[in-house]
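Chemist: Hey, dropping entry_24.cif in here, mmCIF, N, CA and C atoms:
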```
data_protein
loop_
_atom_site.label_atom_id
_atom_site.label_comp_id
_atom_site.auth_asym_id
_atom_site.auth_seq_id
_atom_site.Cartn_x
_atom_site.Cartn_y
_atom_site.Cartn_z
N ARG Y 1197 90.20 87.53 88.45
CA ARG Y 1197 89.75 88.81 87.92
C ARG Y 1197 90.92 89.70 87.55
N ALA Y 1198 91.96 89.65 88.34
CA ALA Y 1198 93.12 90.52 88.08
C ALA Y 1198 93.76 90.19 86.73
N ILE Y 1199 93.89 88.91 86.43
CA ILE Y 1199 94.50 88.52 85.16
C ILE Y 1199 93.65 89.00 84.00
N LYS Y 1200 92.34 88.85 84.08
CA LYS Y 1200 91.44 89.31 83.02
C LYS Y 1200 91.55 90.81 82.82
N LYS Y 1201 91.59 91.56 83.92
CA LYS Y 1201 91.70 93.02 83.81
C LYS Y 1201 93.03 93.42 83.19
N CYS Y 1202 94.09 92.73 83.56
CA CYS Y 1202 95.40 93.01 82.96
C CYS Y 1202 95.34 92.77 81.46
N LYS Y 1203 94.78 91.63 81.05
CA LYS Y 1203 94.67 91.30 79.62
C LYS Y 1203 93.91 92.38 78.87
N ARG Y 1204 92.78 92.81 79.43
CA ARG Y 1204 91.96 93.84 78.78
C ARG Y 1204 92.70 95.15 78.59
N ASN Y 1205 93.63 95.43 79.49
CA ASN Y 1205 94.34 96.70 79.47
C ASN Y 1205 95.76 96.60 78.94
N GLY Y 1206 96.11 95.46 78.35
CA GLY Y 1206 97.42 95.29 77.75
C GLY Y 1206 98.58 95.25 78.74
N ILE Y 1207 98.30 94.79 79.95
CA ILE Y 1207 99.30 94.70 81.00
C ILE Y 1207 99.64 93.24 81.23
N GLN Y 1208 100.92 92.92 81.29
CA GLN Y 1208 101.33 91.54 81.56
C GLN Y 1208 101.11 91.22 83.03
N SER Y 1209 100.71 89.98 83.30
CA SER Y 1209 100.51 89.53 84.67
C SER Y 1209 101.51 88.42 84.98
N SER Y 1210 102.00 88.42 86.20
CA SER Y 1210 102.95 87.38 86.61
C SER Y 1210 102.77 87.08 88.09
N ILE Y 1211 103.28 85.92 88.49
CA ILE Y 1211 103.23 85.52 89.89
C ILE Y 1211 104.51 84.76 90.21
N CYS Y 1212 104.97 84.90 91.43
CA CYS Y 1212 106.16 84.17 91.83
C CYS Y 1212 105.96 83.62 93.25
N GLY Y 1213 106.80 82.66 93.59
CA GLY Y 1213 106.81 82.14 94.94
C GLY Y 1213 106.03 80.86 95.14
N GLN Y 1214 105.56 80.70 96.35
CA GLN Y 1214 104.92 79.46 96.78
C GLN Y 1214 103.69 79.09 95.96
N ALA Y 1215 102.80 80.04 95.71
CA ALA Y 1215 101.59 79.72 94.95
C ALA Y 1215 101.94 79.26 93.54
N ALA Y 1216 102.90 79.89 92.91
CA ALA Y 1216 103.30 79.52 91.56
C ALA Y 1216 103.99 78.16 91.53
N SER Y 1217 104.48 77.71 92.65
CA SER Y 1217 105.16 76.42 92.74
C SER Y 1217 104.21 75.26 92.99
N ASN Y 1218 102.95 75.56 93.20
CA ASN Y 1218 101.93 74.54 93.43
C ASN Y 1218 101.38 74.08 92.08
N PRO Y 1219 101.53 72.80 91.73
CA PRO Y 1219 101.09 72.32 90.42
C PRO Y 1219 99.63 72.62 90.09
N GLU Y 1220 98.75 72.45 91.05
CA GLU Y 1220 97.33 72.73 90.82
C GLU Y 1220 97.10 74.21 90.54
N MET Y 1221 97.76 75.06 91.30
CA MET Y 1221 97.63 76.50 91.10
C MET Y 1221 98.23 76.93 89.77
N ALA Y 1222 99.37 76.35 89.41
CA ALA Y 1222 100.01 76.69 88.13
C ALA Y 1222 99.08 76.35 86.97
N THR Y 1223 98.44 75.20 87.04
CA THR Y 1223 97.50 74.80 85.99
C THR Y 1223 96.37 75.82 85.87
N LYS Y 1224 95.81 76.21 86.99
CA LYS Y 1224 94.72 77.20 86.98
C LYS Y 1224 95.20 78.54 86.43
N LEU Y 1225 96.39 78.97 86.84
CA LEU Y 1225 96.91 80.25 86.37
C LEU Y 1225 97.11 80.26 84.86
N VAL Y 1226 97.60 79.17 84.31
CA VAL Y 1226 97.75 79.07 82.85
C VAL Y 1226 96.39 79.16 82.19
N ARG Y 1227 95.42 78.45 82.72
CA ARG Y 1227 94.06 78.50 82.17
C ARG Y 1227 93.47 79.90 82.27
N PHE Y 1228 93.81 80.63 83.32
CA PHE Y 1228 93.32 82.00 83.49
C PHE Y 1228 94.02 82.97 82.55
N GLY Y 1229 95.18 82.58 81.99
CA GLY Y 1229 95.87 83.43 81.03
C GLY Y 1229 97.07 84.18 81.57
N ILE Y 1230 97.63 83.74 82.69
CA ILE Y 1230 98.79 84.43 83.26
C ILE Y 1230 99.92 84.44 82.23
N ASP Y 1231 100.71 85.50 82.23
CA ASP Y 1231 101.80 85.63 81.26
C ASP Y 1231 103.11 85.04 81.75
N SER Y 1232 103.33 85.03 83.07
CA SER Y 1232 104.62 84.60 83.59
C SER Y 1232 104.45 83.96 84.96
N ILE Y 1233 105.16 82.87 85.17
CA ILE Y 1233 105.18 82.18 86.46
C ILE Y 1233 106.62 82.01 86.88
N SER Y 1234 106.93 82.37 88.10
CA SER Y 1234 108.26 82.17 88.67
C SER Y 1234 108.10 81.24 89.87
N ALA Y 1235 108.64 80.03 89.74
CA ALA Y 1235 108.47 79.01 90.78
C ALA Y 1235 109.72 78.91 91.65
N ASN Y 1236 109.55 78.31 92.81
CA ASN Y 1236 110.69 78.01 93.68
C ASN Y 1236 111.63 77.06 92.93
N ILE Y 1237 112.90 77.17 93.19
CA ILE Y 1237 113.92 76.41 92.45
C ILE Y 1237 113.66 74.89 92.49
N ASP Y 1238 113.16 74.38 93.59
CA ASP Y 1238 112.93 72.94 93.68
C ASP Y 1238 111.70 72.48 92.88
N ALA Y 1239 110.89 73.42 92.40
CA ALA Y 1239 109.68 73.08 91.67
C ALA Y 1239 109.75 73.46 90.19
N VAL Y 1240 110.83 74.09 89.76
CA VAL Y 1240 110.91 74.63 88.40
C VAL Y 1240 110.67 73.56 87.34
N GLY Y 1241 111.33 72.43 87.43
CA GLY Y 1241 111.17 71.38 86.42
C GLY Y 1241 109.74 70.90 86.30
N LYS Y 1242 109.13 70.63 87.43
CA LYS Y 1242 107.75 70.14 87.46
C LYS Y 1242 106.78 71.19 86.92
N ILE Y 1243 106.96 72.43 87.34
CA ILE Y 1243 106.06 73.51 86.91
C ILE Y 1243 106.25 73.80 85.43
N ARG Y 1244 107.47 73.75 84.95
CA ARG Y 1244 107.73 73.96 83.52
C ARG Y 1244 106.97 72.93 82.69
N LYS Y 1245 106.98 71.68 83.11
CA LYS Y 1245 106.26 70.61 82.40
C LYS Y 1245 104.74 70.84 82.46
N ILE Y 1246 104.25 71.21 83.62
CA ILE Y 1246 102.82 71.47 83.79
C ILE Y 1246 102.37 72.62 82.89
N VAL Y 1247 103.14 73.69 82.87
CA VAL Y 1247 102.79 74.84 82.03
C VAL Y 1247 102.79 74.44 80.55
N SER Y 1248 103.80 73.72 80.13
CA SER Y 1248 103.89 73.28 78.74
C SER Y 1248 102.70 72.39 78.36
N ASP Y 1249 102.40 71.43 79.20
CA ASP Y 1249 101.27 70.52 78.93
C ASP Y 1249 99.95 71.27 78.88
N GLU Y 1250 99.77 72.20 79.79
CA GLU Y 1250 98.50 72.95 79.85
C GLU Y 1250 98.36 73.88 78.65
N GLU Y 1251 99.45 74.50 78.23
CA GLU Y 1251 99.40 75.36 77.05
C GLU Y 1251 99.08 74.54 75.80
N LYS Y 1252 99.63 73.34 75.69
CA LYS Y 1252 99.31 72.46 74.57
C LYS Y 1252 97.83 72.11 74.58
N ARG Y 1253 97.31 71.79 75.77
CA ARG Y 1253 95.88 71.47 75.91
C ARG Y 1253 95.01 72.63 75.44
N LEU Y 1254 95.38 73.85 75.86
CA LEU Y 1254 94.61 75.03 75.47
C LEU Y 1254 94.63 75.24 73.95
N MET Y 1255 95.79 75.03 73.34
CA MET Y 1255 95.89 75.18 71.89
C MET Y 1255 95.03 74.14 71.17
N LEU Y 1256 95.05 72.91 71.66
CA LEU Y 1256 94.23 71.86 71.05
C LEU Y 1256 92.74 72.18 71.19
N GLU Y 1257 92.34 72.64 72.37
CA GLU Y 1257 90.94 73.01 72.59
C GLU Y 1257 90.52 74.13 71.65
N ALA Y 1258 91.40 75.13 71.47
CA ALA Y 1258 91.10 76.25 70.58
C ALA Y 1258 90.99 75.76 69.13
N ALA Y 1259 91.89 74.88 68.72
CA ALA Y 1259 91.86 74.36 67.36
C ALA Y 1259 90.60 73.53 67.11
N ARG Y 1260 90.20 72.77 68.08
CA ARG Y 1260 89.01 71.92 67.93
C ARG Y 1260 87.73 72.74 67.89
N SER Y 1261 87.72 73.88 68.55
CA SER Y 1261 86.50 74.68 68.59
C SER Y 1261 86.33 75.54 67.34
N ASN Y 1262 87.38 75.62 66.53
CA ASN Y 1262 87.30 76.40 65.28
C ASN Y 1262 86.91 75.54 64.17
#
```
Write the structure described by the file as structure tokens, please.
Modeler:
Amino acid sequence: RAIKKCKRNGIQSSICGQAASNPEMATKLVRFGIDSISANIDAVGKIRKIVSDEEKRLMLEAARSN
């Protein structure tokens, strides 16, 4: 809900730390529309790939629905 409210009001949303370093949570956050994720240093590579893949998926879904 917080991410949706931020979007509606033109406020960027971000998260950092342990939750953002969890691959499952990162996937959900991207789907929810989060603007920024800051992961633990040991998870940055994995989370960067997950975010990229999920954003590509979202773009494909949007293109297919149009």
Chemist: Run the PyMOL selection byres ((chain Y and resi 1229-1236) around 6.5) against the file shown and list the residues it catches, as a list in words.
Modeler: Ile1199, Gln1208, Ser1209, Ser1210, Ile1211, Cys1212, Gly1213, Gln1214, Ala1216, Ser1217, Lys1224, Leu1225, Val1226, Arg1227, Phe1228, Ile1237, Asp1238, Ala1239 and Val1240 of chain Y
Chemist: If you run DSSP on the backbone, which residues of chain Y are alpha helix (DSSP H), as a PyMOL selection string?
Modeler: chain Y and resi 1198-1204+1219-1228+1240-1261
Chemist: If we count only C-alpha atoms and set the cut-off at 7 Å, which residues sit around region 1248-1251 of chain Y, ignoring sequence neighbours fewer than 4 positions away in its own chain? Please answer as a list in words.
Modeler: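 The residues that qualify are Thr1223, Val1226, Arg1244 and Met1255 of chain Y.
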Chemist: For atom N of Ala1222 (chain Y) and atom N of Leu1256 (chain Y), determine how far apart the two atoms are, in Å to one decimal place.
Modeler: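 Between atom N of Ala1222 (chain Y) and atom N of Leu1256 (chain Y) the gap works out to 18.6 Å.
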Chemist: Would you list, as a list in words, the residues of chain Y that end up in strand (DSSP E) under DSSP run on this structure's backbone?
Modeler: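 Strand (DSSP E) assignments inside chain Y correspond to Ser1210, Ile1211, Cys1212, Ser1232, Ile1233 and Ser1234 of chain Y.
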Chemist: Write to file, as a compact mmCIF listing (two decimals), keeping the file's coordinate frame, the residues of the selection just made, with N, CA and C atoms.
Modeler:
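The resulting file, selection_29.txt, is reproduced below:
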```txt
# COMPACT_ATOMS: atom_id res chain seq x y z
N SER Y 1210 102.00 88.42 86.20
CA SER Y 1210 102.95 87.38 86.61
C SER Y 1210 102.77 87.08 88.09
N ILE Y 1211 103.28 85.92 88.49
CA ILE Y 1211 103.23 85.52 89.89
C ILE Y 1211 104.51 84.76 90.21
N CYS Y 1212 104.97 84.90 91.43
CA CYS Y 1212 106.16 84.17 91.83
C CYS Y 1212 105.96 83.62 93.25
N SER Y 1232 103.33 85.03 83.07
CA SER Y 1232 104.62 84.60 83.59
C SER Y 1232 104.45 83.96 84.96
N ILE Y 1233 105.16 82.87 85.17
CA ILE Y 1233 105.18 82.18 86.46
C ILE Y 1233 106.62 82.01 86.88
N SER Y 1234 106.93 82.37 88.10
CA SER Y 1234 108.26 82.17 88.67
C SER Y 1234 108.10 81.24 89.87
```
Chemist: Tell me, in Å to one decimal, how far CA of Lys1242 (chain Y) is from atom N of Leu1254 (chain Y).
Modeler: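 Value for the CA of Lys1242 (chain Y)-atom N of Leu1254 (chain Y) distance: 17.4 Å.
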Chemist: Mind giving me the straight-line distance from CA of Pro1219 (chain Y) to CA of Gly1241 (chain Y) in Å, one decimal?
Modeler: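 Pair CA of Pro1219 (chain Y) / CA of Gly1241 (chain Y) returns 10.9 Å.
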Chemist: Could you please fill out region 1235-1246 of chain Y with all heavy atoms and send it back as a PDB file, in the frame of the given file?
Modeler:
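Saved the output as selection11.pdb:
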```pdb
ATOM      1  N   ALA Y1235     108.640  80.030  89.740  1.00  0.00           N
ATOM      2  CA  ALA Y1235     108.470  79.010  90.780  1.00  0.00           C
ATOM      3  C   ALA Y1235     109.720  78.910  91.650  1.00  0.00           C
ATOM      4  O   ALA Y1235     110.812  79.344  91.267  1.00  0.00           O
ATOM      5  CB  ALA Y1235     108.194  77.664  90.132  1.00  0.00           C
ATOM      6  N   ASN Y1236     109.550  78.310  92.810  1.00  0.00           N
ATOM      7  CA  ASN Y1236     110.690  78.010  93.680  1.00  0.00           C
ATOM      8  C   ASN Y1236     111.630  77.060  92.930  1.00  0.00           C
ATOM      9  O   ASN Y1236     111.180  76.212  92.148  1.00  0.00           O
ATOM     10  CB  ASN Y1236     110.231  77.346  94.978  1.00  0.00           C
ATOM     11  CG  ASN Y1236     109.433  78.280  95.843  1.00  0.00           C
ATOM     12  OD1 ASN Y1236     109.548  79.497  95.757  1.00  0.00           O
ATOM     13  ND2 ASN Y1236     108.597  77.707  96.699  1.00  0.00           N
ATOM     14  N   ILE Y1237     112.900  77.170  93.190  1.00  0.00           N
ATOM     15  CA  ILE Y1237     113.920  76.410  92.450  1.00  0.00           C
ATOM     16  C   ILE Y1237     113.660  74.890  92.490  1.00  0.00           C
ATOM     17  O   ILE Y1237     113.870  74.216  91.491  1.00  0.00           O
ATOM     18  CB  ILE Y1237     115.343  76.749  92.945  1.00  0.00           C
ATOM     19  CG1 ILE Y1237     116.400  76.196  91.990  1.00  0.00           C
ATOM     20  CG2 ILE Y1237     115.577  76.237  94.354  1.00  0.00           C
ATOM     21  CD1 ILE Y1237     116.462  76.879  90.671  1.00  0.00           C
ATOM     22  N   ASP Y1238     113.160  74.380  93.590  1.00  0.00           N
ATOM     23  CA  ASP Y1238     112.930  72.940  93.680  1.00  0.00           C
ATOM     24  C   ASP Y1238     111.700  72.480  92.880  1.00  0.00           C
ATOM     25  O   ASP Y1238     111.503  71.294  92.686  1.00  0.00           O
ATOM     26  CB  ASP Y1238     112.810  72.500  95.134  1.00  0.00           C
ATOM     27  CG  ASP Y1238     111.665  73.151  95.871  1.00  0.00           C
ATOM     28  OD1 ASP Y1238     111.258  74.273  95.511  1.00  0.00           O
ATOM     29  OD2 ASP Y1238     111.165  72.542  96.828  1.00  0.00           O
ATOM     30  N   ALA Y1239     110.890  73.420  92.400  1.00  0.00           N
ATOM     31  CA  ALA Y1239     109.680  73.080  91.670  1.00  0.00           C
ATOM     32  C   ALA Y1239     109.750  73.460  90.190  1.00  0.00           C
ATOM     33  O   ALA Y1239     108.833  73.164  89.433  1.00  0.00           O
ATOM     34  CB  ALA Y1239     108.476  73.756  92.315  1.00  0.00           C
ATOM     35  N   VAL Y1240     110.830  74.090  89.760  1.00  0.00           N
ATOM     36  CA  VAL Y1240     110.910  74.630  88.400  1.00  0.00           C
ATOM     37  C   VAL Y1240     110.670  73.560  87.340  1.00  0.00           C
ATOM     38  O   VAL Y1240     109.879  73.755  86.417  1.00  0.00           O
ATOM     39  CB  VAL Y1240     112.261  75.348  88.163  1.00  0.00           C
ATOM     40  CG1 VAL Y1240     112.485  75.643  86.693  1.00  0.00           C
ATOM     41  CG2 VAL Y1240     112.317  76.625  88.968  1.00  0.00           C
ATOM     42  N   GLY Y1241     111.330  72.430  87.430  1.00  0.00           N
ATOM     43  CA  GLY Y1241     111.170  71.380  86.420  1.00  0.00           C
ATOM     44  C   GLY Y1241     109.740  70.900  86.300  1.00  0.00           C
ATOM     45  O   GLY Y1241     109.189  70.793  85.197  1.00  0.00           O
ATOM     46  N   LYS Y1242     109.130  70.630  87.430  1.00  0.00           N
ATOM     47  CA  LYS Y1242     107.750  70.140  87.460  1.00  0.00           C
ATOM     48  C   LYS Y1242     106.780  71.190  86.920  1.00  0.00           C
ATOM     49  O   LYS Y1242     105.900  70.900  86.109  1.00  0.00           O
ATOM     50  CB  LYS Y1242     107.370  69.763  88.894  1.00  0.00           C
ATOM     51  CG  LYS Y1242     106.001  69.173  89.038  1.00  0.00           C
ATOM     52  CD  LYS Y1242     105.728  68.864  90.494  1.00  0.00           C
ATOM     53  CE  LYS Y1242     105.183  67.471  90.624  1.00  0.00           C
ATOM     54  NZ  LYS Y1242     104.955  67.075  91.997  1.00  0.00           N
ATOM     55  N   ILE Y1243     106.960  72.430  87.340  1.00  0.00           N
ATOM     56  CA  ILE Y1243     106.060  73.510  86.910  1.00  0.00           C
ATOM     57  C   ILE Y1243     106.250  73.800  85.430  1.00  0.00           C
ATOM     58  O   ILE Y1243     105.279  74.036  84.708  1.00  0.00           O
ATOM     59  CB  ILE Y1243     106.272  74.774  87.775  1.00  0.00           C
ATOM     60  CG1 ILE Y1243     105.924  74.490  89.240  1.00  0.00           C
ATOM     61  CG2 ILE Y1243     105.459  75.945  87.232  1.00  0.00           C
ATOM     62  CD1 ILE Y1243     104.513  73.996  89.492  1.00  0.00           C
ATOM     63  N   ARG Y1244     107.470  73.750  84.950  1.00  0.00           N
ATOM     64  CA  ARG Y1244     107.730  73.960  83.520  1.00  0.00           C
ATOM     65  C   ARG Y1244     106.970  72.930  82.690  1.00  0.00           C
ATOM     66  O   ARG Y1244     106.350  73.263  81.678  1.00  0.00           O
ATOM     67  CB  ARG Y1244     109.227  73.864  83.249  1.00  0.00           C
ATOM     68  CG  ARG Y1244     109.575  74.104  81.793  1.00  0.00           C
ATOM     69  CD  ARG Y1244     111.061  74.030  81.563  1.00  0.00           C
ATOM     70  NE  ARG Y1244     111.674  75.235  82.104  1.00  0.00           N
ATOM     71  CZ  ARG Y1244     112.936  75.310  82.482  1.00  0.00           C
ATOM     72  NH1 ARG Y1244     113.720  74.265  82.393  1.00  0.00           N
ATOM     73  NH2 ARG Y1244     113.425  76.434  82.937  1.00  0.00           N
ATOM     74  N   LYS Y1245     106.980  71.680  83.110  1.00  0.00           N
ATOM     75  CA  LYS Y1245     106.260  70.610  82.400  1.00  0.00           C
ATOM     76  C   LYS Y1245     104.740  70.840  82.460  1.00  0.00           C
ATOM     77  O   LYS Y1245     104.043  70.686  81.452  1.00  0.00           O
ATOM     78  CB  LYS Y1245     106.611  69.251  83.018  1.00  0.00           C
ATOM     79  CG  LYS Y1245     105.809  68.086  82.493  1.00  0.00           C
ATOM     80  CD  LYS Y1245     106.559  67.336  81.434  1.00  0.00           C
ATOM     81  CE  LYS Y1245     105.889  66.046  81.046  1.00  0.00           C
ATOM     82  NZ  LYS Y1245     104.877  66.176  80.039  1.00  0.00           N
ATOM     83  N   ILE Y1246     104.250  71.210  83.620  1.00  0.00           N
ATOM     84  CA  ILE Y1246     102.820  71.470  83.790  1.00  0.00           C
ATOM     85  C   ILE Y1246     102.370  72.620  82.890  1.00  0.00           C
ATOM     86  O   ILE Y1246     101.341  72.526  82.215  1.00  0.00           O
ATOM     87  CB  ILE Y1246     102.491  71.754  85.269  1.00  0.00           C
ATOM     88  CG1 ILE Y1246     102.581  70.445  86.057  1.00  0.00           C
ATOM     89  CG2 ILE Y1246     101.129  72.416  85.431  1.00  0.00           C
ATOM     90  CD1 ILE Y1246     102.576  70.613  87.548  1.00  0.00           C
TER      91      ILE Y1246
END
```
